[in-house]
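File shown: input29.pdb (PDB, C-alpha atoms and all ligand atoms).
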```pdb
ATOM      1  CA  MET A 728       0.000   0.000   0.000  1.00  0.00           C
ATOM      2  CA  THR A 729       1.306   3.450  -0.928  1.00  0.00           C
ATOM      3  CA  ALA A 730       2.053   6.001   1.761  1.00  0.00           C
ATOM      4  CA  ALA A 731      -0.398   8.888   2.168  1.00  0.00           C
ATOM      5  CA  THR A 732       0.509  11.946   0.051  1.00  0.00           C
ATOM      6  CA  PRO A 733      -1.879  14.896   0.395  1.00  0.00           C
ATOM      7  CA  GLY A 734      -3.041  16.854  -2.639  1.00  0.00           C
ATOM      8  CA  LEU A 735      -2.497  14.359  -5.454  1.00  0.00           C
ATOM      9  CA  THR A 736      -4.118  15.041  -8.843  1.00  0.00           C
ATOM     10  CA  PRO A 737      -6.218  12.023  -9.877  1.00  0.00           C
ATOM     11  CA  VAL A 738      -6.287  10.995 -13.556  1.00  0.00           C
ATOM     12  CA  GLY A 739      -8.581   8.353 -15.066  1.00  0.00           C
ATOM     13  CA  ILE A 740      -7.581   5.620 -17.514  1.00  0.00           C
ATOM     14  CA  PHE A 741     -10.314   3.775 -19.377  1.00  0.00           C
ATOM     15  CA  GLY A 742      -9.019   0.835 -21.392  1.00  0.00           C
ATOM     16  CA  GLY A 743     -11.034  -1.196 -23.867  1.00  0.00           C
ATOM     17  CA  THR A 744     -11.301  -2.406 -27.421  1.00  0.00           C
ATOM     18  CA  PHE A 745     -13.663   0.462 -28.305  1.00  0.00           C
ATOM     19  CA  ASN A 746     -14.900  -1.473 -31.324  1.00  0.00           C
ATOM     20  CA  PRO A 747     -16.521   1.014 -31.749  1.00  0.00           C
ATOM     21  CA  VAL A 748     -16.558   3.612 -28.964  1.00  0.00           C
ATOM     22  CA  HIS A 749     -20.153   4.520 -27.969  1.00  0.00           C
ATOM     23  CA  PHE A 750     -22.160   6.724 -25.610  1.00  0.00           C
ATOM     24  CA  GLY A 751     -21.969   4.086 -22.824  1.00  0.00           C
ATOM     25  CA  HIS A 752     -18.190   4.595 -22.713  1.00  0.00           C
ATOM     26  CA  LEU A 753     -18.273   8.345 -23.256  1.00  0.00           C
ATOM     27  CA  ARG A 754     -21.003   9.242 -20.792  1.00  0.00           C
ATOM     28  CA  SER A 755     -19.436   6.988 -18.126  1.00  0.00           C
ATOM     29  CA  ALA A 756     -16.046   8.620 -18.689  1.00  0.00           C
ATOM     30  CA  LEU A 757     -17.454  12.115 -18.339  1.00  0.00           C
ATOM     31  CA  GLU A 758     -19.590  11.294 -15.290  1.00  0.00           C
ATOM     32  CA  LEU A 759     -16.540   9.802 -13.568  1.00  0.00           C
ATOM     33  CA  VAL A 760     -14.455  12.890 -14.332  1.00  0.00           C
ATOM     34  CA  GLU A 761     -17.137  15.023 -12.714  1.00  0.00           C
ATOM     35  CA  THR A 762     -18.135  12.825  -9.763  1.00  0.00           C
ATOM     36  CA  LEU A 763     -14.554  11.924  -8.798  1.00  0.00           C
ATOM     37  CA  ASP A 764     -13.212  15.348  -9.798  1.00  0.00           C
ATOM     38  CA  LEU A 765     -10.543  13.833 -12.026  1.00  0.00           C
ATOM     39  CA  ALA A 766      -8.122  16.035 -13.964  1.00  0.00           C
ATOM     40  CA  GLY A 767      -9.155  14.069 -17.076  1.00  0.00           C
ATOM     41  CA  MET A 768      -9.829  10.642 -18.513  1.00  0.00           C
ATOM     42  CA  ARG A 769      -7.615   8.821 -21.012  1.00  0.00           C
ATOM     43  CA  LEU A 770      -9.517   6.426 -23.249  1.00  0.00           C
ATOM     44  CA  MET A 771      -6.899   3.854 -24.169  1.00  0.00           C
ATOM     45  CA  PRO A 772      -7.724   1.489 -27.060  1.00  0.00           C
ATOM     46  CA  SER A 773      -5.962  -1.837 -26.784  1.00  0.00           C
ATOM     47  CA  ALA A 774      -3.960  -2.908 -29.835  1.00  0.00           C
ATOM     48  CA  VAL A 775      -3.974  -6.649 -29.199  1.00  0.00           C
ATOM     49  CA  PRO A 776      -6.376  -7.424 -26.336  1.00  0.00           C
ATOM     50  CA  PRO A 777      -4.969 -10.384 -24.391  1.00  0.00           C
ATOM     51  CA  HIS A 778      -8.349 -11.604 -23.049  1.00  0.00           C
ATOM     52  CA  ARG A 779     -10.516 -11.836 -26.111  1.00  0.00           C
ATOM     53  CA  GLU A 780     -10.710 -12.540 -29.817  1.00  0.00           C
ATOM     54  CA  PRO A 781      -8.849 -10.035 -32.018  1.00  0.00           C
ATOM     55  CA  PRO A 782     -11.356  -7.246 -32.738  1.00  0.00           C
ATOM     56  CA  GLY A 783     -11.446  -7.581 -36.548  1.00  0.00           C
ATOM     57  CA  CYS A 784     -11.271  -3.803 -36.908  1.00  0.00           C
ATOM     58  CA  SER A 785      -7.742  -2.390 -36.829  1.00  0.00           C
ATOM     59  CA  ALA A 786      -6.419  -0.628 -33.745  1.00  0.00           C
ATOM     60  CA  GLU A 787      -5.758   2.387 -35.960  1.00  0.00           C
ATOM     61  CA  HIS A 788      -9.454   2.632 -36.929  1.00  0.00           C
ATOM     62  CA  ARG A 789     -10.595   2.097 -33.325  1.00  0.00           C
ATOM     63  CA  ALA A 790      -8.254   4.820 -32.050  1.00  0.00           C
ATOM     64  CA  ALA A 791      -9.331   7.192 -34.842  1.00  0.00           C
ATOM     65  CA  MET A 792     -12.958   6.698 -33.771  1.00  0.00           C
ATOM     66  CA  VAL A 793     -12.084   7.438 -30.134  1.00  0.00           C
ATOM     67  CA  GLU A 794     -10.316  10.618 -31.260  1.00  0.00           C
ATOM     68  CA  LEU A 795     -13.378  11.762 -33.207  1.00  0.00           C
ATOM     69  CA  ALA A 796     -15.628  10.930 -30.249  1.00  0.00           C
ATOM     70  CA  VAL A 797     -13.684  13.015 -27.726  1.00  0.00           C
ATOM     71  CA  ALA A 798     -12.987  15.996 -30.024  1.00  0.00           C
ATOM     72  CA  GLY A 799     -14.242  19.157 -28.355  1.00  0.00           C
ATOM     73  CA  GLU A 800     -14.301  17.683 -24.822  1.00  0.00           C
ATOM     74  CA  SER A 801     -10.935  18.580 -23.374  1.00  0.00           C
ATOM     75  CA  ARG A 802     -11.371  16.397 -20.283  1.00  0.00           C
ATOM     76  CA  LEU A 803     -11.448  13.237 -22.408  1.00  0.00           C
ATOM     77  CA  VAL A 804      -8.426  12.243 -24.500  1.00  0.00           C
ATOM     78  CA  CYS A 805      -7.397   9.260 -26.593  1.00  0.00           C
ATOM     79  CA  ASP A 806      -4.226   7.587 -25.301  1.00  0.00           C
ATOM     80  CA  ARG A 807      -2.600   5.711 -28.183  1.00  0.00           C
ATOM     81  CA  ARG A 808       0.291   4.193 -26.242  1.00  0.00           C
ATOM     82  CA  GLU A 809      -0.795   0.564 -26.680  1.00  0.00           C
ATOM     83  CA  LEU A 810      -0.818   0.943 -30.468  1.00  0.00           C
ATOM     84  CA  GLY A 811       2.881   1.636 -30.446  1.00  0.00           C
ATOM     85  CA  ARG A 812       3.805  -1.404 -28.352  1.00  0.00           C
ATOM     86  CA  PRO A 813       4.388  -4.798 -29.950  1.00  0.00           C
ATOM     87  CA  GLY A 814       2.732  -7.906 -28.483  1.00  0.00           C
ATOM     88  CA  PRO A 815      -0.348  -8.182 -26.256  1.00  0.00           C
ATOM     89  CA  SER A 816      -1.591  -4.940 -24.698  1.00  0.00           C
ATOM     90  CA  TYR A 817      -1.085  -5.635 -21.014  1.00  0.00           C
ATOM     91  CA  THR A 818      -2.761  -2.986 -18.869  1.00  0.00           C
ATOM     92  CA  ILE A 819      -0.115  -3.299 -16.170  1.00  0.00           C
ATOM     93  CA  ASP A 820       2.584  -2.169 -18.649  1.00  0.00           C
ATOM     94  CA  SER A 821       0.512   0.866 -19.644  1.00  0.00           C
ATOM     95  CA  LEU A 822      -0.151   1.813 -16.018  1.00  0.00           C
ATOM     96  CA  ALA A 823       3.541   1.620 -15.182  1.00  0.00           C
ATOM     97  CA  GLU A 824       4.361   3.839 -18.184  1.00  0.00           C
ATOM     98  CA  ILE A 825       1.654   6.408 -17.398  1.00  0.00           C
ATOM     99  CA  SER A 826       2.632   6.497 -13.749  1.00  0.00           C
ATOM    100  CA  ARG A 827       6.243   7.202 -14.705  1.00  0.00           C
ATOM    101  CA  ASP A 828       5.181   9.813 -17.304  1.00  0.00           C
ATOM    102  CA  LEU A 829       2.925  11.734 -14.925  1.00  0.00           C
ATOM    103  CA  GLY A 830       5.172  11.521 -11.889  1.00  0.00           C
ATOM    104  CA  PRO A 831       4.513  11.398  -8.160  1.00  0.00           C
ATOM    105  CA  ALA A 832       2.007  14.263  -7.954  1.00  0.00           C
ATOM    106  CA  HIS A 833      -0.695  12.162  -9.665  1.00  0.00           C
ATOM    107  CA  SER A 834      -2.840   9.248  -8.649  1.00  0.00           C
ATOM    108  CA  LEU A 835      -4.178   6.906 -11.346  1.00  0.00           C
ATOM    109  CA  CYS A 836      -7.706   5.508 -11.563  1.00  0.00           C
ATOM    110  CA  LEU A 837      -8.103   2.490 -13.805  1.00  0.00           C
ATOM    111  CA  VAL A 838     -11.751   2.321 -14.872  1.00  0.00           C
ATOM    112  CA  MET A 839     -13.458  -0.938 -15.707  1.00  0.00           C
ATOM    113  CA  GLY A 840     -17.008  -2.111 -16.185  1.00  0.00           C
ATOM    114  CA  GLY A 841     -18.498  -4.762 -13.937  1.00  0.00           C
ATOM    115  CA  ASP A 842     -18.189  -7.339 -16.727  1.00  0.00           C
ATOM    116  CA  ALA A 843     -14.462  -6.698 -17.057  1.00  0.00           C
ATOM    117  CA  VAL A 844     -13.881  -6.954 -13.322  1.00  0.00           C
ATOM    118  CA  ALA A 845     -15.611 -10.339 -13.136  1.00  0.00           C
ATOM    119  CA  SER A 846     -12.796 -11.897 -15.170  1.00  0.00           C
ATOM    120  CA  LEU A 847     -10.025  -9.840 -13.616  1.00  0.00           C
ATOM    121  CA  ASP A 848      -8.133 -12.922 -12.442  1.00  0.00           C
ATOM    122  CA  THR A 849      -7.400 -13.806 -16.093  1.00  0.00           C
ATOM    123  CA  TRP A 850      -5.483 -10.524 -16.525  1.00  0.00           C
ATOM    124  CA  TYR A 851      -1.700 -10.547 -16.624  1.00  0.00           C
ATOM    125  CA  ARG A 852      -0.313  -9.873 -13.081  1.00  0.00           C
ATOM    126  CA  TRP A 853      -3.784  -8.718 -12.016  1.00  0.00           C
ATOM    127  CA  ARG A 854      -3.021  -8.297  -8.313  1.00  0.00           C
ATOM    128  CA  GLU A 855      -0.209  -5.866  -9.159  1.00  0.00           C
ATOM    129  CA  LEU A 856      -2.624  -3.478 -10.903  1.00  0.00           C
ATOM    130  CA  LEU A 857      -3.245  -1.927  -7.490  1.00  0.00           C
ATOM    131  CA  ASP A 858       0.483  -1.201  -7.100  1.00  0.00           C
ATOM    132  CA  TRP A 859       0.120   1.308  -9.952  1.00  0.00           C
ATOM    133  CA  ALA A 860      -3.454   2.566  -9.791  1.00  0.00           C
ATOM    134  CA  HIS A 861      -6.744   2.621  -7.949  1.00  0.00           C
ATOM    135  CA  ILE A 862      -9.453   0.587  -9.653  1.00  0.00           C
ATOM    136  CA  VAL A 863     -12.788   2.273 -10.280  1.00  0.00           C
ATOM    137  CA  VAL A 864     -15.501  -0.248 -11.080  1.00  0.00           C
ATOM    138  CA  ILE A 865     -18.592   0.929 -12.959  1.00  0.00           C
ATOM    139  CA  ALA A 866     -21.660  -0.997 -11.875  1.00  0.00           C
ATOM    140  CA  ARG A 867     -22.858  -1.809 -15.418  1.00  0.00           C
ATOM    141  CA  PRO A 868     -26.449  -2.711 -16.405  1.00  0.00           C
ATOM    142  CA  GLY A 869     -27.053  -6.447 -16.519  1.00  0.00           C
ATOM    143  CA  TRP A 870     -23.867  -7.342 -14.652  1.00  0.00           C
ATOM    144  CA  HIS A 871     -23.201  -8.034 -10.997  1.00  0.00           C
ATOM    145  CA  LEU A 872     -19.953  -7.788  -9.131  1.00  0.00           C
ATOM    146  CA  PRO A 873     -18.471 -11.166  -8.283  1.00  0.00           C
ATOM    147  CA  ALA A 874     -20.124 -12.322  -5.044  1.00  0.00           C
ATOM    148  CA  ASP A 875     -17.580 -14.919  -3.957  1.00  0.00           C
ATOM    149  CA  GLY A 876     -14.190 -16.277  -4.942  1.00  0.00           C
ATOM    150  CA  GLU A 877     -10.741 -14.768  -5.084  1.00  0.00           C
ATOM    151  CA  VAL A 878     -11.586 -11.631  -7.084  1.00  0.00           C
ATOM    152  CA  ALA A 879     -14.593 -10.872  -4.829  1.00  0.00           C
ATOM    153  CA  ASP A 880     -12.434 -11.171  -1.682  1.00  0.00           C
ATOM    154  CA  TRP A 881      -9.694  -9.040  -3.198  1.00  0.00           C
ATOM    155  CA  LEU A 882     -12.125  -6.301  -4.263  1.00  0.00           C
ATOM    156  CA  GLN A 883     -13.712  -6.290  -0.829  1.00  0.00           C
ATOM    157  CA  ARG A 884     -10.368  -6.146   0.951  1.00  0.00           C
ATOM    158  CA  HIS A 885      -9.230  -3.076  -0.973  1.00  0.00           C
ATOM    159  CA  ARG A 886     -12.560  -1.290  -1.154  1.00  0.00           C
ATOM    160  CA  ALA A 887     -12.450   2.370  -0.100  1.00  0.00           C
ATOM    161  CA  ASP A 888     -14.306   5.620  -0.419  1.00  0.00           C
ATOM    162  CA  ALA A 889     -13.156   7.799  -3.352  1.00  0.00           C
ATOM    163  CA  ALA A 890     -13.125  10.995  -1.318  1.00  0.00           C
ATOM    164  CA  GLU A 891     -10.820   9.329   1.222  1.00  0.00           C
ATOM    165  CA  VAL A 892      -8.180   7.997  -1.128  1.00  0.00           C
ATOM    166  CA  LEU A 893      -7.875   9.640  -4.549  1.00  0.00           C
ATOM    167  CA  ARG A 894      -6.004  12.700  -3.323  1.00  0.00           C
ATOM    168  CA  ARG A 895      -4.113  10.934  -0.596  1.00  0.00           C
ATOM    169  CA  ARG A 896      -2.821   7.715  -2.159  1.00  0.00           C
ATOM    170  CA  ARG A 897      -1.359   7.114  -5.610  1.00  0.00           C
ATOM    171  CA  SER A 898      -2.788   3.602  -5.890  1.00  0.00           C
ATOM    172  CA  GLY A 899      -4.189   0.629  -4.004  1.00  0.00           C
ATOM    173  CA  ALA A 900      -7.937   1.230  -3.524  1.00  0.00           C
ATOM    174  CA  VAL A 901     -11.026  -0.243  -5.185  1.00  0.00           C
ATOM    175  CA  ILE A 902     -13.879   2.195  -5.694  1.00  0.00           C
ATOM    176  CA  ILE A 903     -17.317   1.142  -6.902  1.00  0.00           C
ATOM    177  CA  GLU A 904     -19.297   3.843  -8.721  1.00  0.00           C
ATOM    178  CA  GLN A 905     -22.956   3.663  -9.683  1.00  0.00           C
ATOM    179  CA  LEU A 906     -23.358   5.746 -12.827  1.00  0.00           C
ATOM    180  CA  ARG A 907     -26.254   6.436 -15.118  1.00  0.00           C
ATOM    181  CA  PRO A 908     -26.977   3.022 -16.613  1.00  0.00           C
ATOM    182  CA  LEU A 909     -26.724   3.060 -20.397  1.00  0.00           C
ATOM    183  CA  ALA A 910     -27.337  -0.399 -21.800  1.00  0.00           C
ATOM    184  CA  ILE A 911     -25.278   0.119 -24.954  1.00  0.00           C
ATOM    185  CA  SER A 912     -22.651  -2.355 -26.113  1.00  0.00           C
ATOM    186  CA  ALA A 913     -20.294  -2.375 -29.059  1.00  0.00           C
ATOM    187  CA  THR A 914     -21.458  -5.923 -29.837  1.00  0.00           C
ATOM    188  CA  GLU A 915     -25.016  -4.675 -30.318  1.00  0.00           C
ATOM    189  CA  ILE A 916     -23.837  -1.802 -32.517  1.00  0.00           C
ATOM    190  CA  ARG A 917     -21.783  -4.162 -34.707  1.00  0.00           C
ATOM    191  CA  ASP A 918     -24.782  -6.513 -34.976  1.00  0.00           C
ATOM    192  CA  LEU A 919     -27.121  -3.696 -35.991  1.00  0.00           C
ATOM    193  CA  LEU A 920     -24.718  -2.476 -38.651  1.00  0.00           C
ATOM    194  CA  ARG A 921     -24.108  -5.974 -39.959  1.00  0.00           C
ATOM    195  CA  GLN A 922     -27.868  -6.370 -40.382  1.00  0.00           C
ATOM    196  CA  GLY A 923     -28.024  -3.089 -42.292  1.00  0.00           C
ATOM    197  CA  ARG A 924     -29.946  -1.420 -39.444  1.00  0.00           C
ATOM    198  CA  SER A 925     -29.322   1.999 -37.911  1.00  0.00           C
ATOM    199  CA  ALA A 926     -27.074   2.541 -34.887  1.00  0.00           C
ATOM    200  CA  ARG A 927     -27.846   6.254 -34.814  1.00  0.00           C
ATOM    201  CA  TYR A 928     -28.103   7.831 -31.311  1.00  0.00           C
ATOM    202  CA  LEU A 929     -26.075   5.013 -29.734  1.00  0.00           C
ATOM    203  CA  LEU A 930     -22.746   6.619 -30.637  1.00  0.00           C
ATOM    204  CA  PRO A 931     -21.528   9.998 -31.894  1.00  0.00           C
ATOM    205  CA  ALA A 932     -22.557  10.921 -35.448  1.00  0.00           C
ATOM    206  CA  ALA A 933     -18.902  11.612 -36.311  1.00  0.00           C
ATOM    207  CA  VAL A 934     -18.039   8.001 -35.397  1.00  0.00           C
ATOM    208  CA  LEU A 935     -20.930   6.669 -37.462  1.00  0.00           C
ATOM    209  CA  ASP A 936     -19.761   8.786 -40.417  1.00  0.00           C
ATOM    210  CA  TYR A 937     -16.262   7.315 -40.022  1.00  0.00           C
ATOM    211  CA  ILE A 938     -17.703   3.790 -39.982  1.00  0.00           C
ATOM    212  CA  ASP A 939     -19.621   4.512 -43.194  1.00  0.00           C
ATOM    213  CA  GLU A 940     -16.679   6.166 -44.872  1.00  0.00           C
ATOM    214  CA  HIS A 941     -14.384   3.217 -44.187  1.00  0.00           C
ATOM    215  CA  GLY A 942     -16.969   0.491 -44.715  1.00  0.00           C
ATOM    216  CA  LEU A 943     -16.439  -0.968 -41.217  1.00  0.00           C
ATOM    217  CA  TYR A 944     -18.747  -3.616 -39.708  1.00  0.00           C
ATOM    218  CA  GLY A 945     -20.633  -4.570 -42.856  1.00  0.00           C
ATOM    219  CA  GLU A 946     -22.396  -2.927 -45.771  1.00  0.00           C
ATOM    220  CA  ARG A 947     -21.913   0.724 -46.644  1.00  0.00           C
ATOM    221  CA  ARG A 948     -24.972   2.766 -45.732  1.00  0.00           C
ATOM    222  CA  GLY A 949     -26.145   6.291 -46.376  1.00  0.00           C
ATOM    223  CA  LYS A 950     -24.944   9.100 -44.091  1.00  0.00           C
ATOM    224  CA  ASN A 951     -25.791   8.221 -40.461  1.00  0.00           C
ATOM    225  CA  GLY A 952     -28.233   5.583 -41.689  1.00  0.00           C
TER     226      GLY A 952
HETATM  227  P1  LIG B1001     -18.129  -5.461 -26.668  1.00  0.00           P
HETATM  228  O1  LIG B1001     -19.638  -5.446 -26.775  1.00  0.00           O
HETATM  229  O2  LIG B1001     -17.416  -5.593 -27.996  1.00  0.00           O
HETATM  230  O3  LIG B1001     -17.632  -6.412 -25.616  1.00  0.00           O
HETATM  231  P2  LIG B1001     -18.138  -3.067 -25.014  1.00  0.00           P
HETATM  232  O4  LIG B1001     -19.258  -2.200 -25.454  1.00  0.00           O
HETATM  233  O5  LIG B1001     -18.344  -3.873 -23.766  1.00  0.00           O
HETATM  234  O6  LIG B1001     -17.671  -3.996 -26.227  1.00  0.00           O
HETATM  235  P3  LIG B1001     -15.347  -2.533 -24.547  1.00  0.00           P
HETATM  236  O7  LIG B1001     -14.489  -1.731 -25.419  1.00  0.00           O
HETATM  237  O8  LIG B1001     -15.158  -3.994 -24.529  1.00  0.00           O
HETATM  238  O9  LIG B1001     -16.887  -2.155 -24.898  1.00  0.00           O
HETATM  239  O10 LIG B1001     -15.343  -1.981 -23.073  1.00  0.00           O
HETATM  240  C1  LIG B1001     -14.373  -1.153 -22.531  1.00  0.00           C
HETATM  241  C2  LIG B1001     -14.773  -0.883 -21.106  1.00  0.00           C
HETATM  242  O11 LIG B1001     -16.005  -0.141 -21.122  1.00  0.00           O
HETATM  243  C3  LIG B1001     -15.058  -2.146 -20.279  1.00  0.00           C
HETATM  244  O12 LIG B1001     -14.534  -1.944 -18.976  1.00  0.00           O
HETATM  245  C4  LIG B1001     -16.571  -2.218 -20.274  1.00  0.00           C
HETATM  246  O13 LIG B1001     -17.042  -2.849 -19.105  1.00  0.00           O
HETATM  247  C5  LIG B1001     -16.955  -0.744 -20.275  1.00  0.00           C
HETATM  248  N1  LIG B1001     -18.262  -0.494 -20.882  1.00  0.00           N
HETATM  249  C6  LIG B1001     -18.700  -0.916 -22.070  1.00  0.00           C
HETATM  250  N2  LIG B1001     -19.962  -0.506 -22.308  1.00  0.00           N
HETATM  251  C7  LIG B1001     -20.344   0.209 -21.231  1.00  0.00           C
HETATM  252  C8  LIG B1001     -21.576   0.888 -20.844  1.00  0.00           C
HETATM  253  N3  LIG B1001     -22.659   0.890 -21.624  1.00  0.00           N
HETATM  254  N4  LIG B1001     -21.593   1.507 -19.646  1.00  0.00           N
HETATM  255  C9  LIG B1001     -20.509   1.481 -18.828  1.00  0.00           C
HETATM  256  N5  LIG B1001     -19.335   0.855 -19.113  1.00  0.00           N
HETATM  257  C10 LIG B1001     -19.246   0.221 -20.303  1.00  0.00           C
END
```
Is it possible to express this structure as structure tokens?
Ligand code: ATP
Amino acid sequence: MTAATPGLTPVGIFGGTFNPVHFGHLRSALELVETLDLAGMRLMPSAVPPHREPPGCSAEHRAAMVELAVAGESRLVCDRRELGRPGPSYTIDSLAEISRDLGPAHSLCLVMGGDAVASLDTWYRWRELLDWAHIVVIARPGWHLPADGEVADWLQRHRADAAEVLRRRRSGAVIIEQLRPLAISATEIRDLLRQGRSARYLLPAAVLDYIDEHGLYGERRGKNG
């Protein structure tokens, strides 16, 4: 556990495949920035996700869509660091890099949805994540936190109140945040598009335009169709 350091600046890191990024990600990111009073949130697309099938859409396209989605909202930024690293995109490596880049005046908050946290024990060196960051778990619609087992015990053991820790410790706490539930998933968006249906209002229009322009996820459609 890290020693108490008053007055740290907390920064959020939201990793994912973002295939594609949607309003569930974006609204959650912004609400966390405001409720936890974070200096900003880095949306960090993974190049080669270690825990799931390769996304089928290039990391370059996924990052470009994140960049379009956050344009004009200075508190959200796209962090492309995993695109430049060969091999699987291990979150622990990114956290160590960001921690070194930002220096000792910052605390890091790694954001993950409830579904991601349920399989946390499959992540590379998962227990060490808390050596580099706090973990902020979003209670996501349709998912429940693990109720028993090793991950459940670990989450419970490190659970803390955000106001208590984010400015005082650089890492080591688990924070559970209930946000506005938005039952949007990238899987559903890809399915809609593959069926030639509209995904409008589930993700930013600029992202939908990009998808159309590049013929991602199925047939080309009309503008925002
Ligand atoms: P897929 O449907 O392809 O699995 P996804 O929509 O779950 O994609 P990911 O890129 O896999 O999106 O998720 C990145 C992170 O965002 C994960 O921690 C996930 O739990 C979280 N997340 C995804 N959708 C939402 C949502 N609607 N609300 C809150 N968090 C979300």
Quiz item: Using only C-alpha atoms, which residues sit within 9 Å of region 859-874 of chain A once same-chain residues fewer than 5 positions away are excluded, as a VMD selection string?
Solution: chain A and resid 739 755 819 822 to 823 826 834 to 846 879 to 880 882 889 892 to 893 896 to 910
For the selection you just gave me, I'd like the residues written to a file as a JSON list (two decimals), in the coordinates of the input, keeping C-alpha atoms.
```
[["chain", "number", "residue", "atom", "x", "y", "z"],
["A", 739, "GLY", "CA", -8.58, 8.35, -15.07],
["A", 755, "SER", "CA", -19.44, 6.99, -18.13],
["A", 819, "ILE", "CA", -0.12, -3.30, -16.17],
["A", 822, "LEU", "CA", -0.15, 1.81, -16.02],
["A", 823, "ALA", "CA", 3.54, 1.62, -15.18],
["A", 826, "SER", "CA", 2.63, 6.50, -13.75],
["A", 834, "SER", "CA", -2.84, 9.25, -8.65],
["A", 835, "LEU", "CA", -4.18, 6.91, -11.35],
["A", 836, "CYS", "CA", -7.71, 5.51, -11.56],
["A", 837, "LEU", "CA", -8.10, 2.49, -13.80],
["A", 838, "VAL", "CA", -11.75, 2.32, -14.87],
["A", 839, "MET", "CA", -13.46, -0.94, -15.71],
["A", 840, "GLY", "CA", -17.01, -2.11, -16.18],
["A", 841, "GLY", "CA", -18.50, -4.76, -13.94],
["A", 842, "ASP", "CA", -18.19, -7.34, -16.73],
["A", 843, "ALA", "CA", -14.46, -6.70, -17.06],
["A", 844, "VAL", "CA", -13.88, -6.95, -13.32],
["A", 845, "ALA", "CA", -15.61, -10.34, -13.14],
["A", 846, "SER", "CA", -12.80, -11.90, -15.17],
["A", 879, "ALA", "CA", -14.59, -10.87, -4.83],
["A", 880, "ASP", "CA", -12.43, -11.17, -1.68],
["A", 882, "LEU", "CA", -12.12, -6.30, -4.26],
["A", 889, "ALA", "CA", -13.16, 7.80, -3.35],
["A", 892, "VAL", "CA", -8.18, 8.00, -1.13],
["A", 893, "LEU", "CA", -7.88, 9.64, -4.55],
["A", 896, "ARG", "CA", -2.82, 7.72, -2.16],
["A", 897, "ARG", "CA", -1.36, 7.11, -5.61],
["A", 898, "SER", "CA", -2.79, 3.60, -5.89],
["A", 899, "GLY", "CA", -4.19, 0.63, -4.00],
["A", 900, "ALA", "CA", -7.94, 1.23, -3.52],
["A", 901, "VAL", "CA", -11.03, -0.24, -5.18],
["A", 902, "ILE", "CA", -13.88, 2.19, -5.69],
["A", 903, "ILE", "CA", -17.32, 1.14, -6.90],
["A", 904, "GLU", "CA", -19.30, 3.84, -8.72],
["A", 905, "GLN", "CA", -22.96, 3.66, -9.68],
["A", 906, "LEU", "CA", -23.36, 5.75, -12.83],
["A", 907, "ARG", "CA", -26.25, 6.44, -15.12],
["A", 908, "PRO", "CA", -26.98, 3.02, -16.61],
["A", 909, "LEU", "CA", -26.72, 3.06, -20.40],
["A", 910, "ALA", "CA", -27.34, -0.40, -21.80]]
```
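The residue that comes closest to ligand LIG 1001 (chain B), out of A:Arg917, A:Arg827, A:Arg802, A:Arg852 and on the basis of all atoms listed in the file, is A:Arg917.
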Quiz item: Looking at all atoms listed in the file, which of A:Arg854, A:Arg921, A:Arg927, A:His885 is the one that sits closest to Gly945 (chain A)?
Solution: A:Arg921
Would you give the centre and edge lengths, in Å to one decimal, of a box along x, y and z around the listed atoms of ligand LIG 1001 (chain B), with 6 Å added to each side, as JSON?
```
{"center_x": -18.5, "center_y": -2.5, "center_z": -23.4, "size_x": 20.3, "size_y": 19.9, "size_z": 21.2}
```
Leaving out Gly811 (chain A) and any residue of its chain fewer than 4 positions from it, which residues lie within 10 Å of it when counting all atoms listed in the file, given as a PDB file with C-alpha atoms, in the frame of the given file?
```pdb
ATOM      1  CA  ALA A 774      -3.960  -2.908 -29.835  1.00  0.00           C
ATOM      2  CA  ARG A 807      -2.600   5.711 -28.183  1.00  0.00           C
ATOM      3  CA  SER A 816      -1.591  -4.940 -24.698  1.00  0.00           C
TER       4      SER A 816
END
```
Exercise. Convert the output of the PyMOL selection byres (((chain A and resi 929) around 8) and not hetatm) on the shown file into explicit residues, formatted as a PyMOL selection string.
Key: chain A and resi 749-750+911+916+926-928+930-931
Self-check item: Separation of CA of Cys805 (chain A) from CA of Trp853 (chain A) in Å
Solution: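 Pair CA of Trp853 (chain A) / CA of Cys805 (chain A) returns 23.4 Å.
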Practice problem: Mind giving me the straight-line distance from CA of Leu856 (chain A) to CA of Pro813 (chain A) in Å, one decimal? | Solution: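 Taking CA of Leu856 (chain A) and CA of Pro813 (chain A), their separation equals 20.3 Å.
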Exercise. Go through A:Thr818, A:Ser785, A:Thr762, A:Gln883 one by one, measure the shortest atom-to-atom distance of each to Phe741 (chain A) using only C-alpha atoms, and give the residue with the smallest value.
Key: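 Checking each of A:Thr818, A:Ser785, A:Thr762, A:Gln883 against Phe741 (chain A), counting only C-alpha atoms, the winner is A:Thr818.
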Practice problem: Just give me the gap between atom O7 of ligand LIG 1001 (chain B) and CA of Pro747 (chain A) in Å, one decimal is fine. | Solution: 7.2 Å
Self-check item: Selected residue of minimal separation from ligand LIG 1001 (chain B) among A:Thr914, A:Thr736, A:Thr849, A:Ser801, counting all atoms listed in the file
Solution: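 Looking at the shortest contact to ligand LIG 1001 (chain B), the residue is A:Thr914.
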Practice problem: Extract, using all atoms listed in the file, all DNA, RNA and protein residues at most 10 Å from Leu770 (chain A), discarding same-chain residues fewer than 2 positions from it, and format them as a list in words. | Solution: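 What passes the distance filter is Gly739, Ile740, Phe741, Gly742, Gly743, Thr744, Phe745, Val748, His752, Leu753, Ala756, Gly767, Met768, Pro772, Ser773, Ala790, Val793, Glu794, Val797, Leu803, Val804, Cys805, Asp806, Arg807 and Val838 of chain A.
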Exercise. Give as a ChimeraX atom specification every residue, naming chains and numbers as the document does, that has an atom within 12 Å of (-19.6, 2.5, -41.7), counting only C-alpha atoms.
Key: /A:747,784,788,792,916-917,919-921,923-927,932-952
